[in-house]
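First up is the structure itself, then whatever we jot down about it.
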Amino acid sequence: MPNMPKDLDVAKRAKVIEWLKTEVIDNVSRLFKALWEGSTTKVGDSLASLMMSSYILGRRLGLTYRDMDDLLLEKLKKHKQEGHQLEDWYQDISALEEHLRKR
C-alpha cells in the first residue's frame with residue numbers, strides 16, 4: 001500500500017479512536033442488557049469485548065498492552081493499600097492481582 005499523506009493518516013487515526021470510544025460505550029450497553037436478561041453467556045461475551053476494546057483503545061492512544069497490564073497492577077496495588085471494600089469483603093483485588101502476575 002502506498003504511503004498515505006500525513007493529514008489523511010492523522011484523520012484516519014482520529015476516526016479509529018472515535019470508533020473505538022463508541023465500541024466501549026456499546027459494550028457497556030450490551031453488558032447492562034445482558035445483566036438485565038440474566039444471560040451469563042452474554043455477560044461474559046460483553047465483558048470480554050469491553051476488555052478487548054479498552055486494550056485496543058489504549059494502544060491507539062499510545063500505550064502498549066504491557067503498559068496497560070502494568071497500570072492495572074498498579075491500580076490493584078493502590079486499592080489493596082487503601083482497603084477497597086471488594087478486597088475487604090471478597091479479596092477480589094488480590095485474586096485479580098495474583099491472576100495477572102501468573103500470566
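Convention: chains lettered A, B, ... in C-alpha cells order; per-chain residue numbering from 1; ligands numbered from 1 as shown.
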
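Near Leu76 (chain A), within a cut-off of 10 Å and counting only C-alpha atoms, sit the residues Asp70, Leu71, Gln81, Glu82, His84, Glu87, Asp92, Ile93, Ser94, Ala95, Leu96 and Glu97 of chain A, with same-chain residues fewer than 5 positions away left out.
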
Those residues with N, CA and C atoms, as a compact mmCIF listing (two decimals), in the first residue's frame please?
```txt
# COMPACT_ATOMS: atom_id res chain seq x y z
N ASP A 70 0.58 -3.16 33.35
CA ASP A 70 1.30 -2.56 34.48
C ASP A 70 0.45 -1.53 35.20
N LEU A 71 -0.29 -0.72 34.45
CA LEU A 71 -1.17 0.27 35.06
C LEU A 71 -2.28 -0.40 35.87
N GLN A 81 -3.93 -1.28 49.18
CA GLN A 81 -3.35 -0.44 50.24
C GLN A 81 -4.40 0.46 50.88
N GLU A 82 -5.35 0.90 50.09
CA GLU A 82 -6.39 1.81 50.60
C GLU A 82 -7.55 1.08 51.24
N HIS A 84 -9.81 -1.21 49.83
CA HIS A 84 -11.01 -1.24 48.98
C HIS A 84 -11.99 -2.27 49.52
N GLU A 87 -11.83 -5.82 48.32
CA GLU A 87 -10.71 -6.56 48.90
C GLU A 87 -11.07 -7.02 50.30
N ASP A 92 -11.17 -9.85 46.14
CA ASP A 92 -11.19 -9.80 44.67
C ASP A 92 -9.95 -9.11 44.10
N ILE A 93 -9.49 -8.07 44.77
CA ILE A 93 -8.34 -7.30 44.27
C ILE A 93 -7.10 -8.19 44.28
N SER A 94 -6.87 -8.89 45.38
CA SER A 94 -5.72 -9.79 45.48
C SER A 94 -5.81 -10.94 44.47
N ALA A 95 -7.02 -11.47 44.30
CA ALA A 95 -7.20 -12.59 43.36
C ALA A 95 -6.88 -12.15 41.94
N LEU A 96 -7.34 -10.97 41.53
CA LEU A 96 -7.05 -10.48 40.18
C LEU A 96 -5.56 -10.16 40.04
N GLU A 97 -4.99 -9.56 41.04
CA GLU A 97 -3.56 -9.27 41.00
C GLU A 97 -2.74 -10.54 40.85
```

task: Check chain A with DSSP on the backbone and list each residue it calls alpha helix (DSSP H), as a ChimeraX atom specification.
output: /A:6-37,40-60,65-81,85-90,92-102

Let me see the file: selected residues, C-alpha atoms, as a compact mmCIF listing (two decimals), in the first residue's frame.
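Heads up, here's the output in selection-v9.txt:
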```
# COMPACT_ATOMS: atom_id res chain seq x y z
CA LYS A 6 0.19 12.68 6.65
CA ASP A 7 -3.07 14.62 7.05
CA LEU A 8 -5.10 11.61 5.85
CA ASP A 9 -3.22 9.33 8.24
CA VAL A 10 -3.93 11.67 11.17
CA ALA A 11 -7.60 11.84 10.17
CA LYS A 12 -7.77 8.05 9.89
CA ARG A 13 -6.17 7.60 13.32
CA ALA A 14 -8.59 10.11 14.88
CA LYS A 15 -11.54 8.34 13.24
CA VAL A 16 -10.38 4.96 14.58
CA ILE A 17 -10.05 6.40 18.10
CA GLU A 18 -13.58 7.84 17.89
CA TRP A 19 -14.88 4.50 16.63
CA LEU A 20 -13.18 2.64 19.49
CA LYS A 21 -14.72 5.03 22.00
CA THR A 22 -18.16 4.16 20.64
CA GLU A 23 -17.26 0.47 20.86
CA VAL A 24 -16.50 0.86 24.58
CA ILE A 25 -19.87 2.54 25.15
CA ASP A 26 -21.66 -0.07 23.05
CA ASN A 27 -20.02 -2.87 25.01
CA VAL A 28 -21.09 -1.30 28.32
CA SER A 29 -24.64 -1.07 26.96
CA ARG A 30 -24.55 -4.73 25.87
CA LEU A 31 -23.25 -5.69 29.31
CA PHE A 32 -26.13 -3.90 31.03
CA LYS A 33 -28.64 -5.60 28.72
CA ALA A 34 -27.05 -8.99 29.36
CA LEU A 35 -27.24 -8.40 33.11
CA TRP A 36 -30.91 -7.46 32.76
CA GLU A 37 -31.55 -10.65 30.75
CA THR A 40 -24.14 -15.48 31.71
CA THR A 41 -23.00 -16.21 28.16
CA LYS A 42 -23.85 -12.68 27.03
CA VAL A 43 -22.35 -11.16 30.20
CA GLY A 44 -19.07 -12.98 29.58
CA ASP A 45 -19.06 -12.00 25.92
CA SER A 46 -19.80 -8.36 26.75
CA LEU A 47 -17.08 -8.20 29.39
CA ALA A 48 -14.54 -9.78 27.03
CA SER A 49 -15.50 -7.30 24.30
CA LEU A 50 -15.21 -4.41 26.72
CA MET A 51 -11.75 -5.54 27.81
CA MET A 52 -10.64 -6.01 24.21
CA SER A 53 -11.92 -2.59 23.15
CA SER A 54 -10.25 -0.96 26.15
CA TYR A 55 -6.89 -2.54 25.43
CA ILE A 56 -7.02 -1.66 21.73
CA LEU A 57 -8.14 1.91 22.51
CA GLY A 58 -5.20 2.21 24.90
CA ARG A 59 -2.87 1.00 22.15
CA ARG A 60 -4.27 3.51 19.65
CA TYR A 65 -0.55 -3.79 26.13
CA ARG A 66 2.24 -4.21 28.68
CA ASP A 67 1.68 -0.61 29.82
CA MET A 68 -2.00 -1.39 30.30
CA ASP A 69 -1.17 -4.51 32.33
CA ASP A 70 1.30 -2.56 34.48
CA LEU A 71 -1.17 0.27 35.06
CA LEU A 72 -3.83 -2.23 36.06
CA LEU A 73 -1.44 -3.91 38.51
CA GLU A 74 -0.57 -0.50 40.00
CA LYS A 75 -4.25 0.32 40.42
CA LEU A 76 -4.88 -3.04 42.11
CA LYS A 77 -1.95 -2.44 44.47
CA LYS A 78 -3.29 1.02 45.33
CA HIS A 79 -6.79 -0.34 46.01
CA LYS A 80 -5.36 -3.02 48.29
CA GLN A 81 -3.35 -0.44 50.24
CA GLN A 85 -14.30 -2.86 50.03
CA LEU A 86 -14.07 -5.61 47.41
CA GLU A 87 -10.71 -6.56 48.90
CA ASP A 88 -12.01 -6.47 52.46
CA TRP A 89 -15.14 -8.45 51.67
CA TYR A 90 -14.05 -10.91 49.00
CA ASP A 92 -11.19 -9.80 44.67
CA ILE A 93 -8.34 -7.30 44.27
CA SER A 94 -5.72 -9.79 45.48
CA ALA A 95 -7.20 -12.59 43.36
CA LEU A 96 -7.05 -10.48 40.18
CA GLU A 97 -3.56 -9.27 41.00
CA GLU A 98 -2.38 -12.84 41.50
CA HIS A 99 -4.03 -13.93 38.25
CA LEU A 100 -2.30 -11.16 36.29
CA ARG A 101 1.10 -11.87 37.83
CA LYS A 102 0.85 -15.60 36.98
```
